[in-house]
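Pasted below: target_4.pdb, PDB, C-alpha atoms.
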```pdb
ATOM      1  CA  MET A 287      22.426 -13.894   7.157
ATOM      2  CA  TYR A 288      25.215 -11.328   7.263
ATOM      3  CA  PRO A 289      26.476  -9.816  10.553
ATOM      4  CA  PHE A 290      24.743  -6.652  11.748
ATOM      5  CA  SER A 291      24.511  -4.532  14.876
ATOM      6  CA  TYR A 292      21.295  -3.917  16.783
ATOM      7  CA  THR A 293      20.202  -1.013  18.934
ATOM      8  CA  LYS A 294      16.899  -0.223  20.608
ATOM      9  CA  VAL A 295      15.821   3.376  21.031
ATOM     10  CA  SER A 296      13.381   4.899  23.494
ATOM     11  CA  ASP A 297      12.623   8.265  21.897
ATOM     12  CA  THR A 298      12.440   9.829  18.448
ATOM     13  CA  ARG A 299      15.607  11.873  18.960
ATOM     14  CA  GLU A 300      17.639   8.698  19.430
ATOM     15  CA  ALA A 301      15.923   7.104  16.458
ATOM     16  CA  LEU A 302      16.674  10.012  14.141
ATOM     17  CA  ARG A 303      20.290  10.118  15.241
ATOM     18  CA  ALA A 304      20.697   6.419  14.441
ATOM     19  CA  GLY A 305      18.816   6.824  11.176
ATOM     20  CA  ARG A 306      21.075   9.669  10.051
ATOM     21  CA  GLN A 307      24.023   7.338  10.583
ATOM     22  CA  GLY A 308      22.548   4.763   8.210
ATOM     23  CA  GLY A 309      20.578   2.569  10.608
ATOM     24  CA  ARG A 310      17.508   0.772   9.289
ATOM     25  CA  TYR A 311      14.333   1.147  11.310
ATOM     26  CA  ILE A 312      12.597  -2.045  12.422
ATOM     27  CA  ALA A 313       9.472  -2.674  14.494
ATOM     28  CA  GLY A 314       7.446  -5.810  13.735
ATOM     29  CA  GLY A 315      10.160  -7.043  11.395
ATOM     30  CA  THR A 316       7.795  -9.243   9.390
ATOM     31  CA  THR A 317       9.289  -8.172   6.047
ATOM     32  CA  LEU A 318      12.821  -6.976   6.751
ATOM     33  CA  VAL A 319      13.881 -10.035   8.735
ATOM     34  CA  ASP A 320      12.717 -12.322   5.925
ATOM     35  CA  LEU A 321      14.700 -10.321   3.387
ATOM     36  CA  MET A 322      17.782 -10.459   5.600
ATOM     37  CA  ARG A 323      17.482 -14.243   5.848
ATOM     38  CA  GLU A 324      17.375 -14.436   2.062
ATOM     39  CA  THR A 325      20.349 -11.995   1.855
ATOM     40  CA  VAL A 326      18.262  -9.633  -0.279
ATOM     41  CA  GLU A 327      18.732  -6.976   2.406
ATOM     42  CA  ARG A 328      22.086  -6.566   4.195
ATOM     43  CA  PRO A 329      21.766  -3.673   6.669
ATOM     44  CA  ASP A 330      24.755  -2.932   8.867
ATOM     45  CA  THR A 331      22.607  -1.635  11.720
ATOM     46  CA  LEU A 332      19.028  -2.274  12.836
ATOM     47  CA  VAL A 333      17.310   0.394  14.918
ATOM     48  CA  ASP A 334      14.430  -1.037  16.938
ATOM     49  CA  ILE A 335      11.750   1.671  17.206
ATOM     50  CA  SER A 336       9.028  -0.486  18.774
ATOM     51  CA  ASP A 337       9.081   1.515  22.037
ATOM     52  CA  LEU A 338       8.364   4.872  20.396
ATOM     53  CA  PRO A 339       5.018   6.534  21.259
ATOM     54  CA  LEU A 340       3.456   6.043  17.831
ATOM     55  CA  ARG A 341       0.696   3.576  18.727
ATOM     56  CA  GLN A 342      -2.382   5.796  18.782
ATOM     57  CA  VAL A 343      -5.391   6.081  16.500
ATOM     58  CA  THR A 344      -6.837   9.589  16.851
ATOM     59  CA  VAL A 345      -9.428  11.812  15.244
ATOM     60  CA  THR A 346      -7.801  14.935  13.767
ATOM     61  CA  GLU A 347      -8.976  18.492  14.438
ATOM     62  CA  ARG A 348     -10.748  18.547  11.078
ATOM     63  CA  GLY A 349     -12.485  15.227  11.699
ATOM     64  CA  GLY A 350     -10.217  12.907   9.749
ATOM     65  CA  LEU A 351      -8.246  10.026  11.206
ATOM     66  CA  ARG A 352      -4.579   9.598  12.098
ATOM     67  CA  ILE A 353      -3.124   6.114  12.526
ATOM     68  CA  GLY A 354       0.241   5.942  14.271
ATOM     69  CA  ALA A 355       3.043   4.208  12.420
ATOM     70  CA  LEU A 356       3.491   1.590  15.150
ATOM     71  CA  VAL A 357      -0.172   0.643  15.426
ATOM     72  CA  SER A 358      -0.327  -3.033  14.487
ATOM     73  CA  MET A 359      -2.407  -4.126  11.525
ATOM     74  CA  ALA A 360      -4.681  -6.052  13.882
ATOM     75  CA  GLU A 361      -5.167  -3.057  16.184
ATOM     76  CA  ALA A 362      -5.933  -0.707  13.297
ATOM     77  CA  ALA A 363      -8.408  -3.134  11.718
ATOM     78  CA  ALA A 364     -10.273  -3.600  15.010
ATOM     79  CA  HIS A 365     -10.304   0.031  16.127
ATOM     80  CA  PRO A 366     -13.904   1.317  16.411
ATOM     81  CA  LYS A 367     -13.140   4.610  14.639
ATOM     82  CA  VAL A 368     -11.479   2.849  11.709
ATOM     83  CA  ARG A 369     -14.300   0.318  11.379
ATOM     84  CA  THR A 370     -16.978   3.011  11.606
ATOM     85  CA  LEU A 371     -15.461   5.812   9.532
ATOM     86  CA  TYR A 372     -13.404   3.875   6.970
ATOM     87  CA  PRO A 373     -14.364   0.177   6.786
ATOM     88  CA  VAL A 374     -12.329  -0.072   3.562
ATOM     89  CA  ILE A 375      -9.196   0.164   5.733
ATOM     90  CA  SER A 376     -10.332  -2.542   8.135
ATOM     91  CA  GLN A 377     -11.286  -4.867   5.280
ATOM     92  CA  ALA A 378      -7.983  -4.332   3.472
ATOM     93  CA  LEU A 379      -6.025  -5.081   6.634
ATOM     94  CA  GLU A 380      -8.017  -8.199   7.484
ATOM     95  CA  LEU A 381      -7.463  -9.565   3.968
ATOM     96  CA  SER A 382      -3.749  -8.774   4.053
ATOM     97  CA  ALA A 383      -2.111 -11.553   6.032
ATOM     98  CA  SER A 384      -2.487 -14.265   8.616
ATOM     99  CA  ALA A 385      -3.678 -13.345  12.121
ATOM    100  CA  GLN A 386      -0.182 -13.927  13.507
ATOM    101  CA  LEU A 387       1.381 -11.505  11.040
ATOM    102  CA  ARG A 388      -1.321  -8.890  11.590
ATOM    103  CA  ASN A 389      -0.566  -8.986  15.312
ATOM    104  CA  MET A 390       3.126  -8.221  14.673
ATOM    105  CA  ALA A 391       3.235  -6.057  11.550
ATOM    106  CA  THR A 392       2.784  -2.283  11.833
ATOM    107  CA  ILE A 393       1.071   0.258   9.617
ATOM    108  CA  GLY A 394       4.361   2.033   8.897
ATOM    109  CA  GLY A 395       6.098  -1.222   8.060
ATOM    110  CA  ASN A 396       3.230  -2.362   5.867
ATOM    111  CA  ILE A 397       3.421   0.586   3.500
ATOM    112  CA  MET A 398       7.225   0.273   3.439
ATOM    113  CA  GLN A 399       7.207  -3.423   2.523
ATOM    114  CA  ARG A 400       9.027  -4.414  -0.622
ATOM    115  CA  THR A 401       7.730  -6.333  -3.607
ATOM    116  CA  ARG A 402       6.993 -10.054  -3.558
ATOM    117  CA  CYS A 403       8.412 -10.472  -7.071
ATOM    118  CA  THR A 404      10.185 -13.848  -7.107
ATOM    119  CA  TYR A 405      13.086 -12.431  -9.122
ATOM    120  CA  PHE A 406      13.631  -9.690  -6.533
ATOM    121  CA  ARG A 407      13.907 -12.352  -3.834
ATOM    122  CA  ASP A 408      16.166 -14.621  -5.911
ATOM    123  CA  VAL A 409      19.638 -13.138  -5.494
ATOM    124  CA  THR A 410      20.869 -15.088  -8.540
ATOM    125  CA  ALA A 411      18.401 -13.300 -10.863
ATOM    126  CA  GLY A 412      18.788  -9.883 -12.427
ATOM    127  CA  CYS A 413      16.717  -7.286 -10.573
ATOM    128  CA  ASN A 414      17.132  -3.529 -10.911
ATOM    129  CA  LYS A 415      15.139  -2.993  -7.720
ATOM    130  CA  ARG A 416      17.574  -5.107  -5.699
ATOM    131  CA  GLU A 417      20.741  -4.118  -7.586
ATOM    132  CA  ALA A 418      20.621  -1.119  -9.902
ATOM    133  CA  GLY A 419      21.754  -1.917 -13.425
ATOM    134  CA  SER A 420      21.474  -5.711 -13.118
ATOM    135  CA  GLY A 421      18.439  -5.977 -15.412
ATOM    136  CA  CYS A 422      14.864  -7.169 -14.918
ATOM    137  CA  ALA A 423      14.467 -10.929 -15.266
ATOM    138  CA  ALA A 424      10.679 -10.615 -14.993
ATOM    139  CA  LEU A 425      10.362  -8.742 -18.280
ATOM    140  CA  HIS A 426      11.005 -11.900 -20.292
ATOM    141  CA  GLY A 427      10.489 -14.443 -17.543
ATOM    142  CA  PHE A 428       7.321 -15.765 -15.925
ATOM    143  CA  ASN A 429       5.406 -12.560 -15.203
ATOM    144  CA  ARG A 430       1.867 -13.703 -14.390
ATOM    145  CA  THR A 431       1.711 -11.740 -11.120
ATOM    146  CA  HIS A 432       3.453  -8.612 -12.345
ATOM    147  CA  ALA A 433       2.255  -5.105 -13.126
ATOM    148  CA  ILE A 434       0.176  -3.997 -16.077
ATOM    149  CA  LEU A 435       0.117  -0.359 -14.928
ATOM    150  CA  GLY A 436       2.994   1.970 -14.096
ATOM    151  CA  ALA A 437       5.747  -0.383 -15.236
ATOM    152  CA  SER A 438       8.926   0.627 -17.028
ATOM    153  CA  ASP A 439      11.594  -1.144 -19.057
ATOM    154  CA  HIS A 440      13.540  -1.402 -15.796
ATOM    155  CA  CYS A 441      10.934  -2.921 -13.464
ATOM    156  CA  VAL A 442       7.493  -4.552 -13.656
ATOM    157  CA  ALA A 443       7.093  -5.570  -9.990
ATOM    158  CA  THR A 444       3.849  -4.831  -8.159
ATOM    159  CA  HIS A 445       3.526  -3.230  -4.747
ATOM    160  CA  PRO A 446       2.115  -5.882  -2.380
ATOM    161  CA  SER A 447       0.323  -3.867   0.318
ATOM    162  CA  ASP A 448      -3.468  -4.091   0.552
ATOM    163  CA  VAL A 449      -4.005  -1.258   2.999
ATOM    164  CA  ALA A 450      -1.866   0.996   0.795
ATOM    165  CA  VAL A 451      -4.592   0.617  -1.862
ATOM    166  CA  ALA A 452      -7.175   1.862   0.635
ATOM    167  CA  PHE A 453      -4.897   4.759   1.625
ATOM    168  CA  ALA A 454      -4.405   5.648  -2.045
ATOM    169  CA  ALA A 455      -8.148   5.607  -2.708
ATOM    170  CA  LEU A 456      -8.840   7.823   0.325
ATOM    171  CA  GLU A 457      -6.033  10.219  -0.668
ATOM    172  CA  ALA A 458      -4.273   9.831   2.659
ATOM    173  CA  SER A 459      -1.030  11.532   3.583
ATOM    174  CA  VAL A 460       2.082  10.164   5.291
ATOM    175  CA  ARG A 461       3.438  12.031   8.310
ATOM    176  CA  LEU A 462       7.235  12.096   8.513
ATOM    177  CA  LEU A 463       9.785  13.225  11.055
ATOM    178  CA  GLY A 464      13.371  13.888  10.062
ATOM    179  CA  PRO A 465      16.477  15.920  10.898
ATOM    180  CA  ASP A 466      14.802  18.988   9.380
ATOM    181  CA  GLY A 467      11.584  18.576  11.344
ATOM    182  CA  GLU A 468       8.113  17.313  10.462
ATOM    183  CA  ARG A 469       6.490  17.193   7.075
ATOM    184  CA  SER A 470       3.497  15.590   5.408
ATOM    185  CA  ILE A 471       3.472  14.063   1.944
ATOM    186  CA  PRO A 472       0.456  12.897  -0.106
ATOM    187  CA  PHE A 473       0.264   9.130  -0.236
ATOM    188  CA  SER A 474       0.240   9.321  -4.040
ATOM    189  CA  ASP A 475       3.712  10.894  -3.883
ATOM    190  CA  PHE A 476       5.124   8.693  -1.127
ATOM    191  CA  LEU A 477       5.423   5.460  -3.121
ATOM    192  CA  LEU A 478       7.424   5.967  -6.314
ATOM    193  CA  ARG A 479       6.926   4.403  -9.719
ATOM    194  CA  PRO A 480      10.049   2.604 -10.960
ATOM    195  CA  GLY A 481      10.908   4.711 -13.999
ATOM    196  CA  LEU A 482      14.686   4.670 -14.418
ATOM    197  CA  THR A 483      15.327   4.189 -10.676
ATOM    198  CA  PRO A 484      13.328   1.179  -9.411
ATOM    199  CA  HIS A 485      15.682   0.799  -6.435
ATOM    200  CA  ARG A 486      14.262   4.057  -5.031
ATOM    201  CA  GLU A 487      10.830   3.077  -3.772
ATOM    202  CA  GLN A 488       9.725   5.810  -1.334
ATOM    203  CA  ALA A 489      10.116   9.576  -1.202
ATOM    204  CA  LEU A 490      11.986   9.400   2.100
ATOM    205  CA  ARG A 491      14.984  11.519   3.014
ATOM    206  CA  GLN A 492      17.979  10.096   4.845
ATOM    207  CA  GLY A 493      17.024   9.116   8.376
ATOM    208  CA  GLU A 494      13.360  10.124   8.104
ATOM    209  CA  LEU A 495      10.885   8.252  10.252
ATOM    210  CA  ILE A 496       7.235   7.556   9.437
ATOM    211  CA  THR A 497       5.130   8.742  12.377
ATOM    212  CA  GLY A 498       1.672   8.021  10.989
ATOM    213  CA  VAL A 499      -0.826   7.988   8.161
ATOM    214  CA  GLU A 500      -3.579  10.602   8.065
ATOM    215  CA  ILE A 501      -6.912  10.163   6.267
ATOM    216  CA  PRO A 502      -8.815  13.356   5.435
ATOM    217  CA  VAL A 503     -12.389  13.982   6.496
ATOM    218  CA  TYR A 504     -15.115  13.126   3.981
ATOM    219  CA  PRO A 505     -18.778  14.115   3.854
ATOM    220  CA  ARG A 506     -21.195  11.612   5.366
ATOM    221  CA  PRO A 507     -22.634   9.149   4.700
ATOM    222  CA  LEU A 508     -19.547   7.536   3.193
ATOM    223  CA  ARG A 509     -19.773   3.893   2.167
ATOM    224  CA  SER A 510     -16.537   2.060   1.502
ATOM    225  CA  GLY A 511     -15.160  -1.426   0.976
ATOM    226  CA  TYR A 512     -12.302  -3.531  -0.328
ATOM    227  CA  LEU A 513     -12.346  -6.547  -2.636
ATOM    228  CA  LYS A 514      -9.329  -8.781  -3.177
ATOM    229  CA  VAL A 515      -9.006 -11.431  -5.881
ATOM    230  CA  ARG A 516      -6.281 -14.013  -5.281
ATOM    231  CA  ASP A 517      -5.320 -17.534  -6.221
ATOM    232  CA  ARG A 518      -6.445 -18.922  -2.869
ATOM    233  CA  GLN A 519      -8.544 -17.652   0.021
ATOM    234  CA  SER A 520      -5.866 -18.234   2.631
ATOM    235  CA  TYR A 521      -2.860 -15.931   3.049
ATOM    236  CA  GLU A 522      -2.003 -14.772  -0.485
ATOM    237  CA  PHE A 523      -1.197 -11.570  -2.346
ATOM    238  CA  ALA A 524      -3.648  -9.969  -4.747
ATOM    239  CA  LEU A 525      -3.924 -10.674  -8.444
ATOM    240  CA  THR A 526      -6.271  -7.686  -8.505
ATOM    241  CA  SER A 527      -8.014  -5.668  -5.818
ATOM    242  CA  ALA A 528     -10.248  -2.614  -5.566
ATOM    243  CA  ALA A 529     -10.802  -0.045  -2.821
ATOM    244  CA  VAL A 530     -13.948   2.048  -3.234
ATOM    245  CA  ALA A 531     -15.491   4.895  -1.211
ATOM    246  CA  LEU A 532     -18.725   6.621  -2.290
ATOM    247  CA  HIS A 533     -20.673   9.559  -0.901
ATOM    248  CA  VAL A 534     -24.219   9.503  -2.227
ATOM    249  CA  LYS A 535     -26.630  12.309  -1.355
ATOM    250  CA  GLY A 536     -30.034  12.981  -2.854
ATOM    251  CA  GLY A 537     -29.684   9.899  -5.012
ATOM    252  CA  VAL A 538     -26.560  11.276  -6.736
ATOM    253  CA  ILE A 539     -22.898  10.325  -6.297
ATOM    254  CA  ARG A 540     -21.159  13.394  -4.885
ATOM    255  CA  GLU A 541     -17.753  11.868  -4.062
ATOM    256  CA  ALA A 542     -16.068   8.786  -5.551
ATOM    257  CA  LYS A 543     -12.667   7.452  -4.523
ATOM    258  CA  VAL A 544     -11.350   4.353  -6.283
ATOM    259  CA  ALA A 545      -7.953   2.637  -6.410
ATOM    260  CA  ALA A 546      -6.668  -0.754  -7.526
ATOM    261  CA  GLY A 547      -4.026  -3.138  -6.196
ATOM    262  CA  GLY A 548      -2.181  -6.151  -7.552
ATOM    263  CA  VAL A 549      -1.896  -4.545 -10.980
ATOM    264  CA  GLY A 550       0.372  -1.527 -10.541
ATOM    265  CA  THR A 551       3.939  -0.856  -9.528
ATOM    266  CA  VAL A 552       2.308   1.292  -6.841
ATOM    267  CA  PRO A 553      -1.294   1.300  -5.551
ATOM    268  CA  TRP A 554      -3.108   2.616  -8.595
ATOM    269  CA  LYS A 555      -5.583   5.491  -8.320
ATOM    270  CA  LEU A 556      -8.352   5.344 -10.953
ATOM    271  CA  PRO A 557      -9.391   8.962 -11.685
ATOM    272  CA  ALA A 558     -11.175   8.044 -14.942
ATOM    273  CA  VAL A 559     -13.432   5.671 -13.017
ATOM    274  CA  GLU A 560     -14.077   8.325 -10.360
ATOM    275  CA  GLN A 561     -14.925  11.001 -12.940
ATOM    276  CA  HIS A 562     -17.381   8.685 -14.664
ATOM    277  CA  LEU A 563     -19.258   8.212 -11.372
ATOM    278  CA  ILE A 564     -19.482  11.735  -9.973
ATOM    279  CA  GLY A 565     -22.779  13.517 -10.585
ATOM    280  CA  ARG A 566     -24.596  10.374 -11.678
ATOM    281  CA  ARG A 567     -27.220   8.180 -10.078
ATOM    282  CA  PRO A 568     -26.124   4.746  -8.871
ATOM    283  CA  SER A 569     -27.137   1.895 -11.158
ATOM    284  CA  GLY A 570     -25.854  -1.416 -12.436
ATOM    285  CA  ALA A 571     -25.233   0.136 -15.830
ATOM    286  CA  LEU A 572     -23.189   2.923 -14.250
ATOM    287  CA  TRP A 573     -20.956   0.505 -12.348
ATOM    288  CA  ALA A 574     -20.236  -1.454 -15.532
ATOM    289  CA  ALA A 575     -19.570   1.656 -17.622
ATOM    290  CA  ALA A 576     -17.249   3.182 -14.999
ATOM    291  CA  ALA A 577     -15.311  -0.062 -14.585
ATOM    292  CA  GLU A 578     -14.514  -0.084 -18.296
ATOM    293  CA  HIS A 579     -12.002   2.672 -17.523
ATOM    294  CA  ALA A 580     -10.225   0.705 -14.781
ATOM    295  CA  ALA A 581      -7.543  -0.684 -17.064
ATOM    296  CA  ASP A 582      -6.955   2.479 -19.103
ATOM    297  CA  GLY A 583      -3.278   2.627 -20.062
ATOM    298  CA  ALA A 584      -2.610  -1.018 -19.186
ATOM    299  CA  ARG A 585       0.439  -2.656 -20.782
ATOM    300  CA  PRO A 586       0.121  -6.409 -20.220
ATOM    301  CA  LEU A 587       3.122  -8.693 -20.396
ATOM    302  CA  ARG A 588       3.349 -12.168 -21.886
ATOM    303  CA  HIS A 589       1.664 -14.011 -19.012
ATOM    304  CA  ASN A 590      -0.556 -11.445 -17.286
ATOM    305  CA  GLY A 591      -2.934 -10.212 -19.974
ATOM    306  CA  PHE A 592      -5.804 -11.772 -18.030
ATOM    307  CA  LYS A 593      -5.372  -9.061 -15.391
ATOM    308  CA  THR A 594      -6.873  -6.425 -17.681
ATOM    309  CA  GLU A 595     -10.336  -7.974 -17.727
ATOM    310  CA  LEU A 596     -10.017  -9.248 -14.170
ATOM    311  CA  LEU A 597      -9.306  -5.702 -12.984
ATOM    312  CA  ARG A 598     -12.422  -4.393 -14.704
ATOM    313  CA  TRP A 599     -14.483  -7.160 -13.114
ATOM    314  CA  THR A 600     -13.007  -6.494  -9.655
ATOM    315  CA  VAL A 601     -13.701  -2.756  -9.804
ATOM    316  CA  GLU A 602     -17.233  -3.267 -11.110
ATOM    317  CA  ARG A 603     -17.972  -5.854  -8.426
ATOM    318  CA  GLN A 604     -16.780  -3.612  -5.582
ATOM    319  CA  LEU A 605     -18.639  -0.618  -7.011
ATOM    320  CA  ARG A 606     -21.809  -2.714  -6.968
ATOM    321  CA  ILE A 607     -21.190  -3.928  -3.410
ATOM    322  CA  THR A 608     -20.510  -0.406  -2.150
ATOM    323  CA  GLY A 609     -23.036   1.445  -4.284
ATOM    324  CA  ASP A 610     -25.941  -0.924  -3.753
ATOM    325  CA  SER A 611     -25.606  -0.457   0.021
ATOM    326  CA  THR A 612     -25.999   3.323  -0.133
TER     327      THR A 612
END
```
As structure tokens, how would this structure be written, given the file I've shared?
Amino acid sequence: MYPFSYTKVSDTREALRAGRQGGRYIAGGTTLVDLMRETVERPDTLVDISDLPLRQVTVTERGGLRIGALVSMAEAAAHPKVRTLYPVISQALELSASAQLRNMATIGGNIMQRTRCTYFRDVTAGCNKREAGSGCAALHGFNRTHAILGASDHCVATHPSDVAVAFAALEASVRLLGPDGERSIPFSDFLLRPGLTPHREQALRQGELITGVEIPVYPRPLRSGYLKVRDRQSYEFALTSAAVALHVKGGVIREAKVAAGGVGTVPWKLPAVEQHLIGRRPSGALWAAAAEHAADGARPLRHNGFKTELLRWTVERQLRITGDST
């Protein structure tokens, strides 16, 4: 580990000042500290924001939900409002990590976490995400766990967060505070596809601080759930996953929100699946037909072609679980 300085702040003004000067924000530290140990990350200054007042889960004026950036994964998953209004979020969080990690890791840190690509974490391998212009060893290496959607010739790494898939499905927004004041950005725009610049992963400005994630209000009843397929049931990242939310009224699907994880360079919204569902009556045939669109545009690599069919199966299965309970 390389030398670094550490400072702890007590209010957002202090945090923003330190962030403008190049400090890296840290709270639970479950990802950043690991990357520092592996010398993948070498920040000069860590800014501990764990004392900031960003630990609330509140209902918004319009009836949606706001989860503070420093709410732990465990707290968010267990919160009565989250479990009642958006069980897909609770399920995604509970399937994300070990209990110990969920007690430490925060919502803001979770959506900021970096890829688990083995080449990214191996400082001897070429990785454009870690070092721009160094190449992508995964393209022609062992790429079983890599992306089939949203990849580029410069990066094929997947985004590892489970709850980010739920946020993408629910069309959440990220609340930010920076030197120029507050702003809100759609979750779909917050995490960036690699394109030509895989080292730029979030649409953050210099020194900006995540203050929370806001989920919009949806008509009720809203059934939702999360399914994760992985190599082992214990702590493991997704090969494929699906977040689904359905509003069914009068025997017809009025709202459908679907996103996939483990297959995209960012949590992957599935609008073709959603469009196939809306206005139709729930049925086994409908779930299967909609899921056929889950892998539209997929570009499998040498070792991960199996993800195409596995993604379709995962989406169909979660549609059935969610839809059959309506």
Within-12 Å shell of (19.3, -7.9, 1.8) in input frame, all atoms listed in the file, as number ranges by chain: A: 287-290, 310, 317-330, 400, 406-409, 415-417
Kindly save the residues from that selection, with C-alpha atoms included, as a CSV table (one decimal), in the coordinates of the input.
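Resulting contents of selection-v8.csv:
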```
chain,number,residue,atom,x,y,z
A,287,MET,CA,22.4,-13.9,7.2
A,288,TYR,CA,25.2,-11.3,7.3
A,289,PRO,CA,26.5,-9.8,10.6
A,290,PHE,CA,24.7,-6.7,11.7
A,310,ARG,CA,17.5,0.8,9.3
A,317,THR,CA,9.3,-8.2,6.0
A,318,LEU,CA,12.8,-7.0,6.8
A,319,VAL,CA,13.9,-10.0,8.7
A,320,ASP,CA,12.7,-12.3,5.9
A,321,LEU,CA,14.7,-10.3,3.4
A,322,MET,CA,17.8,-10.5,5.6
A,323,ARG,CA,17.5,-14.2,5.8
A,324,GLU,CA,17.4,-14.4,2.1
A,325,THR,CA,20.3,-12.0,1.9
A,326,VAL,CA,18.3,-9.6,-0.3
A,327,GLU,CA,18.7,-7.0,2.4
A,328,ARG,CA,22.1,-6.6,4.2
A,329,PRO,CA,21.8,-3.7,6.7
A,330,ASP,CA,24.8,-2.9,8.9
A,400,ARG,CA,9.0,-4.4,-0.6
A,406,PHE,CA,13.6,-9.7,-6.5
A,407,ARG,CA,13.9,-12.4,-3.8
A,408,ASP,CA,16.2,-14.6,-5.9
A,409,VAL,CA,19.6,-13.1,-5.5
A,415,LYS,CA,15.1,-3.0,-7.7
A,416,ARG,CA,17.6,-5.1,-5.7
A,417,GLU,CA,20.7,-4.1,-7.6
```
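Closest approach to Gly315 in chain A from the set A:Gln342, A:Thr392, A:Gln604, A:Gln488 is made by A:Thr392, with distances taken over all atoms listed in the file.
CA of Ala489 in chain A is positioned 26.0 Å from CA of Ala580 in chain A.
Closest approach to Lys555 in chain A among A:Val442, A:Leu356, A:Leu435, A:Val515 is made by A:Leu435 (distances from all atoms listed in the file).
What separates CA of Pro568 in chain A from CA of Val534 in chain A is a distance of 8.4 Å.
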The PyMOL selection byres ((chain A and resi 292-301) around 6) on the file shown: which residues, as an MDAnalysis selection string? chainID A and resid 291 302:304 331:335 337:338
Given the selection you just returned, output its residues as a file containing C-alpha atoms, formatted as an mmCIF file, keeping the file's coordinate frame.
```cif
data_model
loop_
_atom_site.group_PDB
_atom_site.id
_atom_site.type_symbol
_atom_site.label_atom_id
_atom_site.label_comp_id
_atom_site.auth_asym_id
_atom_site.auth_seq_id
_atom_site.Cartn_x
_atom_site.Cartn_y
_atom_site.Cartn_z
ATOM 1 C CA SER A 291 24.511 -4.532 14.876
ATOM 2 C CA LEU A 302 16.674 10.012 14.141
ATOM 3 C CA ARG A 303 20.290 10.118 15.241
ATOM 4 C CA ALA A 304 20.697 6.419 14.441
ATOM 5 C CA THR A 331 22.607 -1.635 11.720
ATOM 6 C CA LEU A 332 19.028 -2.274 12.836
ATOM 7 C CA VAL A 333 17.310 0.394 14.918
ATOM 8 C CA ASP A 334 14.430 -1.037 16.938
ATOM 9 C CA ILE A 335 11.750 1.671 17.206
ATOM 10 C CA ASP A 337 9.081 1.515 22.037
ATOM 11 C CA LEU A 338 8.364 4.872 20.396
#
```
Any chance you could resolve the PyMOL selection byres ((chain A and resi 377) around 10) against this file and give the residues as number ranges by chain? A: 363-364, 369, 372-376, 378-382, 448-449, 452, 510-514, 529
Could you list the residues chosen by the PyMOL selection byres ((chain A and resi 414) around 12) in this structure as a PyMOL selection string? chain A and resi 403+405-407+409+411-413+415-425+438-443+480-487
Selected residue, from A:Gly565, A:Gly436, A:Pro502, A:Gly394, that lies nearest to Arg540 in chain A when counting all atoms listed in the file: A:Gly565
Box for range 345-361 of chain A - axis-aligned, 4 Å on each of the six sides, all listed atoms - centre and size in Å to one decimal, as lines of an AutoDock Vina configuration file.
```
center_x = -4.5
center_y = 6.2
center_z = 13.0
size_x = 24.0
size_y = 32.6
size_z = 14.4
```
